[in-house]
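For reference, structure_18.txt is printed below; it contains compact mmCIF, C-alpha atoms.
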```txt
# COMPACT_ATOMS: atom_id res chain seq x y z
CA MET K 1 -37.58 6.49 27.22
CA ASN K 2 -35.15 9.43 27.39
CA LYS K 3 -32.24 7.02 27.75
CA ARG K 4 -33.32 5.26 24.56
CA LYS K 5 -33.56 8.58 22.77
CA ASP K 6 -30.10 9.59 23.97
CA GLU K 7 -28.69 6.30 22.72
CA ASP K 8 -30.31 6.85 19.33
CA ILE K 9 -28.80 10.33 19.09
CA ASP K 10 -25.42 9.00 20.16
CA GLU K 11 -25.45 6.35 17.44
CA LEU K 12 -26.59 8.92 14.92
CA LEU K 13 -23.59 11.05 15.88
CA ILE K 14 -21.25 8.07 15.42
CA ASP K 15 -22.69 7.39 11.96
CA TYR K 16 -22.37 11.10 11.19
CA ALA K 17 -18.70 11.14 12.24
CA LEU K 18 -18.05 8.05 10.14
CA GLY K 19 -19.70 9.64 7.11
CA ALA K 20 -22.20 6.78 7.01
CA LEU K 21 -25.42 8.82 6.74
CA ASP K 22 -27.27 9.60 3.54
CA ALA K 23 -27.63 13.23 2.50
CA ASP K 24 -31.06 13.73 4.15
CA GLU K 25 -30.01 12.21 7.46
CA GLN K 26 -26.82 14.22 7.43
CA ALA K 27 -28.72 17.46 6.86
CA ARG K 28 -31.07 16.63 9.76
CA VAL K 29 -28.12 15.92 12.07
CA GLU K 30 -26.47 19.20 11.09
CA VAL K 31 -29.62 21.14 12.00
CA MET K 32 -29.66 19.37 15.38
CA LEU K 33 -25.96 20.10 15.94
CA ALA K 34 -26.46 23.78 15.19
CA GLU K 35 -29.09 23.92 17.93
CA ARG K 36 -27.14 21.91 20.54
CA PRO K 37 -23.52 22.99 21.12
CA GLU K 38 -22.78 20.04 23.43
CA LEU K 39 -23.62 17.64 20.60
CA MET K 40 -21.56 19.70 18.20
CA ARG K 41 -18.52 19.30 20.51
CA GLU K 42 -19.13 15.57 20.73
CA ALA K 43 -19.46 15.23 16.96
CA LYS K 44 -16.22 17.15 16.40
CA ALA K 45 -14.36 14.97 18.90
CA LEU K 46 -15.64 11.83 17.20
CA LYS K 47 -14.66 13.13 13.79
CA ARG K 48 -11.13 13.81 15.03
CA MET K 49 -10.88 10.27 16.33
CA VAL K 50 -12.18 8.78 13.08
CA ALA K 51 -9.82 10.97 11.04
CA ARG K 52 -6.88 9.47 12.92
CA MET K 53 -7.91 6.05 11.72
CA GLY K 54 -7.76 7.11 8.07
CA VAL K 55 -4.29 5.90 7.18
CA SER K 56 -2.29 4.73 4.23
CA MET K 57 -2.10 1.06 3.49
CA ILE K 58 0.70 -1.36 4.22
CA VAL K 59 2.68 -2.18 1.12
CA PRO K 60 3.35 -5.86 0.39
CA SER K 61 7.01 -6.67 -0.17
CA PRO K 62 8.36 -6.80 -3.74
CA ARG K 63 9.07 -10.51 -3.19
CA LEU K 64 5.43 -11.19 -2.30
CA VAL K 65 4.17 -9.07 -5.18
CA SER K 66 6.29 -10.98 -7.67
CA ARG K 67 5.38 -14.37 -6.18
CA THR K 68 1.67 -13.57 -6.24
CA ARG K 69 1.68 -12.35 -9.84
CA HIS K 70 3.39 -15.46 -11.10
CA ALA K 71 1.13 -17.74 -9.08
CA ALA K 72 -1.93 -15.98 -10.52
CA TYR K 73 -0.68 -16.28 -14.13
CA GLU K 74 0.15 -19.94 -13.62
CA ALA K 75 -3.16 -20.76 -11.99
CA ARG K 76 -5.08 -18.98 -14.72
CA ALA K 77 -3.14 -20.80 -17.44
CA LYS K 78 -3.64 -24.18 -15.75
CA ARG K 79 -7.32 -23.64 -15.11
CA HIS K 80 -7.96 -22.66 -18.70
CA GLY K 81 -5.77 -25.39 -20.10
CA ARG K 82 -3.50 -23.27 -22.21
CA ARG K 83 -0.02 -21.94 -22.12
CA GLY K 84 0.62 -18.42 -20.88
CA THR K 85 0.94 -15.65 -23.41
CA LEU K 86 4.27 -14.46 -24.77
CA ALA K 87 4.00 -11.38 -22.57
CA ALA K 88 3.57 -13.57 -19.50
CA ALA K 89 6.47 -15.75 -20.50
CA LEU K 90 8.70 -12.71 -20.95
CA ARG K 91 7.82 -11.55 -17.46
CA ARG K 92 9.24 -14.76 -16.00
CA PRO K 93 12.88 -14.21 -15.07
CA VAL K 94 14.30 -17.32 -16.76
CA THR K 95 12.47 -16.85 -20.05
CA ALA K 96 13.12 -13.13 -20.04
CA GLY K 97 16.81 -13.72 -19.44
CA ALA K 98 17.03 -16.24 -22.26
CA ALA K 99 15.14 -13.91 -24.61
CA ALA K 100 17.43 -11.03 -23.70
CA LEU K 101 20.50 -13.17 -24.47
CA VAL K 102 19.07 -14.11 -27.87
CA VAL K 103 18.39 -10.45 -28.68
CA VAL K 104 21.89 -9.40 -27.60
CA ALA K 105 23.46 -12.21 -29.64
CA LEU K 106 21.48 -11.17 -32.73
CA VAL K 107 22.41 -7.51 -32.34
CA VAL K 108 26.11 -8.39 -31.97
CA ALA K 109 26.00 -10.74 -34.95
CA VAL K 110 24.24 -8.29 -37.29
CA VAL K 111 25.34 -4.84 -36.16
CA GLY K 112 28.60 -5.63 -34.38
CA PRO K 113 30.91 -6.18 -37.37
CA ARG K 114 29.79 -2.90 -38.91
CA VAL K 115 30.04 -0.82 -35.75
CA TRP K 116 33.25 -2.26 -34.39
CA SER K 117 35.06 -2.90 -37.66
CA PRO K 118 38.69 -1.63 -37.88
CA GLY K 119 38.95 2.05 -38.64
CA ARG K 120 35.65 2.96 -37.02
CA ASP K 121 35.17 4.51 -33.57
CA ARG K 122 34.97 1.84 -30.92
CA ALA K 123 32.70 3.87 -28.70
CA PRO K 124 30.38 6.86 -29.02
CA THR K 125 32.21 10.19 -29.01
CA SER K 126 32.62 11.83 -25.63
CA VAL K 127 30.44 14.80 -26.73
CA GLY K 128 27.61 12.43 -27.69
CA ALA K 129 27.98 10.48 -24.46
CA ALA K 130 27.89 13.67 -22.39
CA ALA K 131 24.71 14.86 -24.12
CA THR K 132 23.04 11.49 -23.53
CA ILE K 133 24.06 11.25 -19.90
CA THR K 134 22.89 14.83 -19.25
CA GLN K 135 19.45 14.10 -20.58
CA GLU K 136 19.10 10.79 -18.78
CA LEU K 137 20.54 12.19 -15.57
CA ARG K 138 18.16 15.14 -15.55
CA SER K 139 15.18 12.92 -16.15
CA PHE K 140 16.19 10.49 -13.39
CA LEU K 141 17.10 13.17 -10.83
CA GLU K 142 13.91 15.14 -11.41
CA SER K 143 11.70 12.13 -10.80
CA ASP K 144 13.76 10.85 -7.88
CA LEU K 145 13.97 14.25 -6.19
CA GLU K 146 10.24 14.20 -5.48
CA HIS K 147 10.43 10.83 -3.71
CA LEU K 148 13.55 11.70 -1.77
CA ARG K 149 12.08 15.01 -0.69
CA ALA K 150 8.97 13.25 0.63
CA LEU K 151 11.23 10.79 2.41
CA SER K 152 13.21 13.61 4.01
CA TYR K 153 9.94 14.78 5.63
CA GLY K 154 9.41 11.27 6.95
CA ARG K 155 6.61 10.44 4.54
CA ALA K 156 6.19 7.02 3.03
CA PRO K 157 7.68 7.12 -0.48
CA ALA K 158 5.30 6.80 -3.37
CA VAL K 159 7.53 4.23 -5.04
CA GLU K 160 6.71 0.74 -3.93
CA ASP K 161 9.54 -1.11 -5.54
CA PHE K 162 12.75 0.35 -4.18
CA SER K 163 14.94 -1.72 -6.45
CA GLU K 164 14.04 0.24 -9.59
CA PRO K 165 15.57 3.63 -8.67
CA ALA K 166 18.56 1.83 -7.13
CA GLY K 167 19.18 -0.03 -10.37
CA GLN K 168 18.67 3.07 -12.54
CA ALA K 169 21.09 5.11 -10.46
CA MET K 170 23.79 2.43 -10.67
CA LEU K 171 23.37 2.09 -14.44
CA LEU K 172 23.70 5.84 -14.90
CA ALA K 173 26.74 5.98 -12.63
CA GLU K 174 28.54 3.51 -14.89
CA LYS K 175 27.82 5.38 -18.12
CA PRO K 176 30.60 7.17 -19.97
CA GLY K 177 30.35 10.94 -19.68
CA CYS K 178 29.30 10.82 -16.05
CA THR K 179 31.48 13.10 -13.91
CA GLU K 180 33.03 11.96 -10.66
CA ALA K 181 30.68 14.16 -8.59
CA GLN K 182 27.63 12.86 -10.46
CA ARG K 183 28.82 9.29 -9.98
CA THR K 184 29.18 9.80 -6.23
CA LEU K 185 25.73 11.36 -6.03
CA LEU K 186 24.16 8.50 -7.98
CA GLN K 187 25.90 5.93 -5.82
CA ASP K 188 24.58 7.64 -2.68
CA ILE K 189 21.04 7.69 -4.11
CA ALA K 190 21.32 4.02 -5.04
CA ALA K 191 22.56 3.20 -1.53
CA VAL K 192 19.46 4.73 0.07
CA TRP K 193 17.00 2.88 -2.16
CA ARG K 194 18.95 -0.35 -1.89
CA GLU K 195 18.89 -0.06 1.88
CA GLY K 196 15.13 0.49 1.72
CA TYR K 197 14.67 -2.47 -0.59
CA THR K 198 16.70 -4.78 1.64
CA ARG K 199 14.89 -3.63 4.79
CA VAL K 200 11.39 -3.92 3.27
CA ASN K 201 12.26 -7.38 2.03
CA SER K 202 13.48 -8.52 5.42
CA VAL K 203 10.53 -7.15 7.39
CA GLY K 204 7.87 -7.77 4.76
CA TYR K 205 6.34 -4.30 4.71
CA LEU K 206 7.23 -0.64 4.82
CA SER K 207 7.32 0.12 8.53
CA SER K 208 7.67 3.51 10.21
CA GLU K 209 11.06 2.38 11.47
CA ILE K 210 12.30 1.87 7.90
CA ILE K 211 10.89 5.22 6.78
CA MET K 212 12.65 6.99 9.63
CA GLU K 213 15.96 5.24 8.92
CA LEU K 214 15.76 6.16 5.25
CA ARG K 215 14.84 9.73 6.15
CA ASP K 216 17.96 9.95 8.34
CA LEU K 217 20.11 8.65 5.47
CA VAL K 218 18.66 11.19 3.02
CA VAL K 219 19.26 14.03 5.48
CA GLU K 220 22.74 12.82 6.43
CA LYS K 221 23.86 12.54 2.81
CA ARG K 222 22.17 15.88 1.93
CA LEU K 223 20.66 14.16 -1.08
CA VAL K 224 17.85 16.66 -1.71
CA GLU K 225 20.21 19.67 -1.68
CA ARG K 226 22.82 17.89 -3.78
CA ILE K 227 20.28 16.86 -6.40
CA GLU K 228 18.92 20.40 -6.56
CA GLU K 229 22.45 21.76 -7.03
CA GLU K 230 23.20 19.16 -9.71
CA LEU K 231 19.97 19.96 -11.58
CA LEU K 232 20.86 23.65 -11.61
CA GLY K 233 24.16 22.82 -13.28
CA LEU K 234 22.71 20.50 -15.92
CA MET I 1 -8.38 7.63 -18.46
CA HIS I 2 -8.32 4.83 -15.91
CA PRO I 3 -10.38 1.77 -16.79
CA THR I 4 -13.08 0.91 -14.27
CA ASP I 5 -12.83 -2.14 -12.05
CA GLU I 6 -15.68 -3.66 -14.08
CA ALA I 7 -13.71 -3.23 -17.31
CA LEU I 8 -10.65 -4.80 -15.73
CA ILE I 9 -12.53 -7.81 -14.42
CA LEU I 10 -14.00 -8.31 -17.90
CA GLY I 11 -10.41 -8.29 -19.18
CA CYS I 12 -9.48 -10.89 -16.55
CA GLN I 13 -12.39 -13.03 -17.72
CA ARG I 14 -10.80 -13.03 -21.19
CA GLY I 15 -7.47 -13.99 -19.63
CA ASP I 16 -5.88 -10.59 -20.26
CA GLU I 17 -2.87 -10.33 -17.97
CA ALA I 18 -2.54 -6.58 -18.41
CA SER I 19 -6.05 -6.14 -16.96
CA PHE I 20 -5.17 -8.39 -14.06
CA ASP I 21 -1.96 -6.41 -13.45
CA GLN I 22 -3.92 -3.16 -13.23
CA LEU I 23 -6.46 -4.63 -10.86
CA PHE I 24 -3.64 -6.10 -8.80
CA GLU I 25 -1.83 -2.75 -8.62
CA ARG I 26 -5.04 -1.02 -7.59
CA TYR I 27 -5.93 -3.35 -4.74
CA ARG I 28 -2.74 -5.03 -3.60
CA SER I 29 -2.00 -2.71 -0.66
CA LYS I 30 -5.63 -2.44 0.44
CA LEU I 31 -6.14 -6.18 0.44
CA PHE I 32 -2.79 -6.87 2.05
CA THR I 33 -3.60 -4.44 4.87
CA PHE I 34 -7.06 -5.95 5.31
CA ILE I 35 -5.77 -9.54 5.35
CA TRP I 36 -2.88 -8.86 7.68
CA ARG I 37 -5.09 -6.99 10.12
CA TYR I 38 -7.65 -9.77 9.95
CA VAL I 39 -5.36 -12.76 10.64
CA ARG I 40 -2.55 -10.86 12.40
CA HIS I 41 0.07 -13.32 11.31
CA ARG I 42 2.61 -12.46 8.64
CA GLU I 43 3.16 -15.80 6.92
CA ALA I 44 -0.56 -16.61 6.90
CA ALA I 45 -1.33 -13.14 5.57
CA GLU I 46 1.13 -13.58 2.71
CA ASP I 47 -0.32 -16.94 1.74
CA ILE I 48 -3.88 -15.61 1.85
CA PHE I 49 -2.89 -12.54 -0.15
CA GLN I 50 -1.44 -14.76 -2.88
CA GLU I 51 -4.43 -17.12 -2.87
CA THR I 52 -6.84 -14.18 -3.06
CA PHE I 53 -5.31 -12.88 -6.28
CA VAL I 54 -4.92 -16.37 -7.70
CA ARG I 55 -8.68 -16.80 -7.25
CA VAL I 56 -9.47 -13.33 -8.59
CA PHE I 57 -7.73 -14.11 -11.88
CA ALA I 58 -8.54 -17.81 -12.19
CA ARG I 59 -12.18 -17.38 -11.18
CA ALA I 60 -12.90 -13.99 -12.71
CA GLY I 61 -15.58 -15.71 -14.76
CA THR I 62 -17.61 -16.34 -11.59
CA TYR I 63 -17.92 -12.62 -10.84
CA ARG I 64 -21.51 -11.40 -11.17
CA ARG I 65 -22.54 -7.80 -11.13
CA ARG I 66 -24.55 -8.20 -7.95
CA ALA I 67 -21.75 -6.52 -6.01
CA LYS I 68 -18.91 -4.15 -6.80
CA VAL I 69 -15.67 -5.76 -7.95
CA SER I 70 -13.92 -4.46 -4.83
CA THR I 71 -16.59 -6.03 -2.59
CA TRP I 72 -16.20 -9.33 -4.43
CA MET I 73 -12.42 -9.25 -3.95
CA TYR I 74 -12.66 -8.34 -0.28
CA THR I 75 -15.19 -11.16 0.16
CA ILE I 76 -12.76 -13.70 -1.30
CA ALA I 77 -10.07 -12.46 1.08
CA ALA I 78 -12.42 -12.40 4.08
CA ASN I 79 -13.55 -16.00 3.43
CA LEU I 80 -9.94 -17.15 3.27
CA CYS I 81 -9.14 -15.26 6.48
CA ARG I 82 -12.10 -16.86 8.25
CA ASP I 83 -10.97 -20.30 7.10
CA GLU I 84 -7.48 -19.61 8.41
CA LEU I 85 -8.78 -18.52 11.81
CA LYS I 86 -11.01 -21.60 12.00
CA ARG I 87 -8.06 -23.80 11.09
CA ARG I 88 -5.90 -22.21 13.76
CA LYS I 89 -8.68 -22.57 16.31
CA ARG I 90 -9.05 -26.27 15.48
CA HIS I 91 -5.32 -26.76 15.92
CA GLY I 92 -5.27 -24.75 19.12
CA THR I 93 -3.07 -22.01 17.69
CA ILE I 94 -5.55 -19.18 17.78
CA SER I 95 -3.42 -17.03 20.03
CA LEU I 96 -1.78 -14.20 18.17
CA ASP I 97 1.86 -14.31 17.25
CA GLU I 98 4.15 -12.51 19.58
CA PRO I 99 5.06 -9.36 17.75
CA ARG I 100 8.63 -9.41 16.58
CA ALA I 101 10.72 -6.29 16.15
CA GLY I 102 9.32 -4.18 13.33
CA GLU I 103 6.46 -6.54 12.72
CA GLY I 104 2.73 -6.59 13.48
CA PRO I 105 0.44 -6.82 15.21
CA GLY I 106 2.42 -5.15 17.96
CA GLU I 107 3.20 -1.56 18.60
CA ALA I 108 5.59 -1.10 15.69
CA TRP I 109 2.90 -2.21 13.29
CA SER I 110 0.34 0.15 14.78
CA LEU I 111 2.85 2.92 14.57
CA ALA I 112 3.57 2.15 10.94
CA LEU I 113 -0.12 2.48 10.19
CA ALA I 114 -0.38 5.63 12.17
CA MET I 115 2.61 7.24 10.52
CA ALA I 116 2.20 6.07 6.98
CA ASP I 117 -0.18 8.91 6.24
CA GLU I 118 1.87 11.56 7.97
CA THR I 119 1.77 14.72 5.92
CA SER I 120 2.66 17.44 8.39
CA GLU I 121 5.93 19.20 7.76
CA ASN I 122 5.92 20.64 11.27
CA PRO I 123 8.05 18.21 13.31
CA ARG I 124 6.51 19.23 16.65
CA GLU I 125 2.94 18.91 15.50
CA SER I 126 3.87 15.72 13.72
CA ALA I 127 5.32 14.11 16.84
CA GLU I 128 2.25 14.95 18.92
CA GLU I 129 -0.14 13.76 16.26
CA THR I 130 1.90 10.61 15.76
CA GLU I 131 1.66 9.90 19.47
CA HIS I 132 -2.13 10.30 19.44
CA ARG I 133 -2.48 8.09 16.41
CA ALA I 134 -0.24 5.42 17.85
CA ALA I 135 -2.25 5.41 21.10
CA LEU I 136 -5.48 5.14 19.16
CA TRP I 137 -4.14 2.24 17.11
CA ARG I 138 -3.02 0.40 20.21
CA ALA I 139 -6.56 0.74 21.50
CA VAL I 140 -7.97 -0.49 18.18
CA ASP I 141 -5.64 -3.49 18.38
CA ALA I 142 -7.06 -4.30 21.80
CA LEU I 143 -10.68 -4.40 20.57
CA PRO I 144 -12.38 -7.79 20.20
CA ASP I 145 -11.54 -9.15 16.73
CA GLU I 146 -15.03 -9.00 15.27
CA LEU I 147 -15.49 -5.35 16.31
CA ARG I 148 -12.01 -4.43 15.11
CA VAL I 149 -12.29 -6.02 11.66
CA THR I 150 -15.76 -4.55 11.08
CA LEU I 151 -14.69 -1.08 12.18
CA GLU I 152 -11.53 -1.11 10.06
CA LEU I 153 -13.43 -2.07 6.91
CA GLN I 154 -15.48 1.09 7.36
CA THR I 155 -12.83 3.53 8.60
CA VAL I 156 -9.55 2.35 7.06
CA HIS I 157 -10.94 0.94 3.82
CA GLY I 158 -13.75 3.48 3.45
CA LEU I 159 -16.44 0.89 2.72
CA LYS I 160 -20.14 1.44 3.25
CA TYR I 161 -22.03 -0.50 5.92
CA ARG I 162 -23.84 -2.62 3.33
CA GLU I 163 -20.55 -3.50 1.61
CA VAL I 164 -19.05 -4.49 4.97
CA ALA I 165 -22.13 -6.67 5.59
CA LYS I 166 -21.63 -8.47 2.27
CA ILE I 167 -17.92 -8.99 2.81
CA LEU I 168 -18.29 -10.39 6.30
CA GLY I 169 -21.51 -12.27 5.50
CA ILE I 170 -23.44 -10.69 8.38
CA PRO I 171 -26.68 -8.66 8.55
CA LEU I 172 -26.52 -4.88 8.13
CA GLY I 173 -27.81 -4.37 11.67
CA THR I 174 -24.93 -6.43 13.05
CA VAL I 175 -22.43 -4.26 11.17
CA GLN I 176 -24.01 -1.15 12.63
CA SER I 177 -24.06 -2.46 16.18
CA ARG I 178 -20.46 -3.74 15.97
CA ILE I 179 -19.24 -0.38 14.68
CA HIS I 180 -21.22 1.56 17.26
CA ASN I 181 -19.88 -0.63 20.05
CA ALA I 182 -16.30 -0.32 18.78
CA VAL I 183 -16.48 3.48 18.58
CA LYS I 184 -18.08 3.69 22.02
CA LEU I 185 -15.27 1.59 23.50
CA LEU I 186 -12.60 3.71 21.85
CA ARG I 187 -14.31 6.94 22.87
CA LYS I 188 -14.44 5.76 26.46
CA GLN I 189 -10.66 5.35 26.46
CA PHE I 190 -9.93 8.58 24.65
CA ARG I 191 -12.52 10.90 26.15
CA ASP I 192 -9.88 12.88 28.05
CA VAL I 193 -7.70 13.38 25.01
CA LEU I 194 -10.60 14.16 22.70
CA GLY I 195 -12.22 16.54 25.15
CA HIS I 196 -9.13 18.70 25.55
CA GLU I 197 -8.11 19.16 21.94
```
As structure tokens, the full file:
Amino acid sequence: MNKRKDEDIDELLIDYALGALDADEQARVEVMLAERPELMREAKALKRMVARMGVSMIVPSPRLVSRTRHAAYEARAKRHGRRGTLAAALRRPVTAGAAALVVVALVVAVVGPRVWSPGRDRAPTSVGAAATITQELRSFLESDLEHLRALSYGRAPAVEDFSEPAGQAMLLAEKPGCTEAQRTLLQDIAAVWREGYTRVNSVGYLSSEIIMELRDLVVEKRLVERIEEELLGL
Amino acid sequence: MHPTDEALILGCQRGDEASFDQLFERYRSKLFTFIWRYVRHREAAEDIFQETFVRVFARAGTYRRRAKVSTWMYTIAANLCRDELKRRKRHGTISLDEPRAGEGPGEAWSLALAMADETSENPRESAEETEHRAALWRAVDALPDELRVTLELQTVHGLKYREVAKILGIPLGTVQSRIHNAVKLLRKQFRDVLGHE
């Protein structure tokens, strides 16, 4: 009889540690725990164990994410017997590429002759370019600093698609008005994200090993400090 | 303001891709973790993950408000995982894949789970805690599959017992007894560590 009662209390403690009791049951257990220190110790130990199981999720690779999205759009379109929307079509790489080419061709045909006609400046002035790059650079570095700082502590980055910051950094590095020091910094930032992207793609998820390798790169290249210094000067 | 899951599934029913994208973003990591842990095989997990979301979008019209959207999605994934395990059993390939470097379900995978939530900035504390977590996850990995999957739905995914019961298609009492048994087994292994903290 007592054994049965002990088992019931034990299971109640497990449910309590798991947060699976309703408010009334929880209040009753807390009264019992206040009266029995040995049960209180047990409940605390269980809670610690359960807390260790509360973890972040494993991130699917960018390749899988992209593949799944397209498969879902296609399946939906097939099942409902209609073509995908324009938005869906534009998300597909081939269509998007073709659309981009058409847009570029139109812009060149309409605007080009006026902008690049003889006697006019062939490129934006250096002052204008510097102002633009400063603004864009500040915006990029501020947002990237947060992720790189988290990474330097060995935390999983919030960004799931590593290719985006890598691409942004490389685009900025190639812009006119970018100083040599800024270009080097951007290239180093891009290298870290690109490395992450390649590694996540090859393994299929963001493992602790990858996080630690990226953390070492960030620390080795002093990226956090360099970005902070750069932001002060902007 | 974030739209509710219900609003997004209604959007999916209309064929709205933006609604599907939001739902996908919201659940992709949770479902991928659940599926991978369930089947413990990378390629199979990827295929099931894709098929789950294909069904969510293509069959959104079959969703009824009897359960939460998340429960419905987990149920689709769980059914596919069960089918996969049955298929592997029929073909005599039920044994788990040998873990490859950096890949689950071996130690590296457990460690990734254990470390992914690391927030401590104190390296010493972090290393000790990481070690405890990794040991716990190795023990979780060694639990019988049905106990492990049931326990993880409650602890890792934060689902209620009745939601776990719906997802796995088992009675509520079975969920409770599986979880109790799993915790008792883990506690038995970790009593020394837990008692001295």
Requested in this report: Find the spatial neighbours of Ala139 of chain I, counting only C-alpha atoms, within a cut-off of 9 Å - ignore same-chain residues fewer than 6 positions away - and output them as a PyMOL selection string.
Outcome: chain I and resi 185-186+189
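Compared by their closest atoms to chain K, and using only C-alpha atoms, the residues I:Thr71, I:Leu151, I:Ala165, I:Thr33 rank with I:Thr33 nearest.
When only C-alpha atoms are used to compute distances to Val54 of chain I, the closest of the residues K:Arg215, K:Lys175, K:Arg149, K:Lys78 turns out to be K:Lys78.
Between atom CA of Arg55 of chain I and atom CA of Val59 of chain K the interatomic distance comes to 20.3 Å.
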Can you pull out the residues contacting segment 142-147 of chain I? Cut-off 9 Å, using only C-alpha atoms, and skip same-chain residues under 4 positions away; I want them as a PDB file with C-alpha atoms, in the coordinates of the input.
```
ATOM      1  CA  TYR I  38      -7.650  -9.770   9.950  1.00  0.00           C
ATOM      2  CA  TRP I 137      -4.140   2.240  17.110  1.00  0.00           C
ATOM      3  CA  ARG I 138      -3.020   0.400  20.210  1.00  0.00           C
ATOM      4  CA  LEU I 151     -14.690  -1.080  12.180  1.00  0.00           C
ATOM      5  CA  GLU I 152     -11.530  -1.110  10.060  1.00  0.00           C
ATOM      6  CA  VAL I 175     -22.430  -4.260  11.170  1.00  0.00           C
ATOM      7  CA  ARG I 178     -20.460  -3.740  15.970  1.00  0.00           C
ATOM      8  CA  ILE I 179     -19.240  -0.380  14.680  1.00  0.00           C
ATOM      9  CA  ASN I 181     -19.880  -0.630  20.050  1.00  0.00           C
ATOM     10  CA  ALA I 182     -16.300  -0.320  18.780  1.00  0.00           C
ATOM     11  CA  LEU I 185     -15.270   1.590  23.500  1.00  0.00           C
ATOM     12  CA  LEU I 186     -12.600   3.710  21.850  1.00  0.00           C
TER      13      LEU I 186
END
```
What residues have an atom no more than 10 Å from (-25.0, 10.0, 11.8) in the file's own frame, counting all atoms listed in the file, and can you write them as a PDB file with C-alpha atoms, keeping the file's coordinate frame?
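Just written: result11.pdb:
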```
ATOM      1  CA  ASP K   8     -30.310   6.850  19.330  1.00  0.00           C
ATOM      2  CA  ILE K   9     -28.800  10.330  19.090  1.00  0.00           C
ATOM      3  CA  ASP K  10     -25.420   9.000  20.160  1.00  0.00           C
ATOM      4  CA  GLU K  11     -25.450   6.350  17.440  1.00  0.00           C
ATOM      5  CA  LEU K  12     -26.590   8.920  14.920  1.00  0.00           C
ATOM      6  CA  LEU K  13     -23.590  11.050  15.880  1.00  0.00           C
ATOM      7  CA  ILE K  14     -21.250   8.070  15.420  1.00  0.00           C
ATOM      8  CA  ASP K  15     -22.690   7.390  11.960  1.00  0.00           C
ATOM      9  CA  TYR K  16     -22.370  11.100  11.190  1.00  0.00           C
ATOM     10  CA  ALA K  17     -18.700  11.140  12.240  1.00  0.00           C
ATOM     11  CA  LEU K  18     -18.050   8.050  10.140  1.00  0.00           C
ATOM     12  CA  GLY K  19     -19.700   9.640   7.110  1.00  0.00           C
ATOM     13  CA  ALA K  20     -22.200   6.780   7.010  1.00  0.00           C
ATOM     14  CA  LEU K  21     -25.420   8.820   6.740  1.00  0.00           C
ATOM     15  CA  ASP K  22     -27.270   9.600   3.540  1.00  0.00           C
ATOM     16  CA  GLU K  25     -30.010  12.210   7.460  1.00  0.00           C
ATOM     17  CA  GLN K  26     -26.820  14.220   7.430  1.00  0.00           C
ATOM     18  CA  ALA K  27     -28.720  17.460   6.860  1.00  0.00           C
ATOM     19  CA  ARG K  28     -31.070  16.630   9.760  1.00  0.00           C
ATOM     20  CA  VAL K  29     -28.120  15.920  12.070  1.00  0.00           C
ATOM     21  CA  GLU K  30     -26.470  19.200  11.090  1.00  0.00           C
ATOM     22  CA  ALA K  43     -19.460  15.230  16.960  1.00  0.00           C
TER      23      ALA K  43
END
```
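Residues of protein, DNA or RNA having at least one counted atom within 10 Å of (5.0, -14.9, 3.0), given all atoms listed in the file, are Pro60, Ser61, Arg63, Leu64, Arg67, Thr68 and Gly204 of chain K; His41, Arg42, Glu43, Ala44, Ala45, Glu46, Asp47, Ile48, Phe49 and Gln50 of chain I.
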Any idea what's packed within 7 Å of Val224 of chain K, counting only C-alpha atoms, ignoring anything in its chain fewer than 2 positions away? Could you give it as a PDB file with C-alpha atoms, in the frame of the given file?
```
ATOM      1  CA  LEU K 145      13.970  14.250  -6.190  1.00  0.00           C
ATOM      2  CA  LEU K 148      13.550  11.700  -1.770  1.00  0.00           C
ATOM      3  CA  ARG K 149      12.080  15.010  -0.690  1.00  0.00           C
ATOM      4  CA  ARG K 222      22.170  15.880   1.930  1.00  0.00           C
ATOM      5  CA  ARG K 226      22.820  17.890  -3.780  1.00  0.00           C
ATOM      6  CA  ILE K 227      20.280  16.860  -6.400  1.00  0.00           C
ATOM      7  CA  GLU K 228      18.920  20.400  -6.560  1.00  0.00           C
TER       8      GLU K 228
END
```
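Note that the spacing between atom CA of Thr75 of chain I and atom CA of Ile167 of chain I amounts to 4.4 Å.
Atom to atom, atom CA of Val149 of chain I and atom CA of Lys188 of chain I stand 19.0 Å apart.
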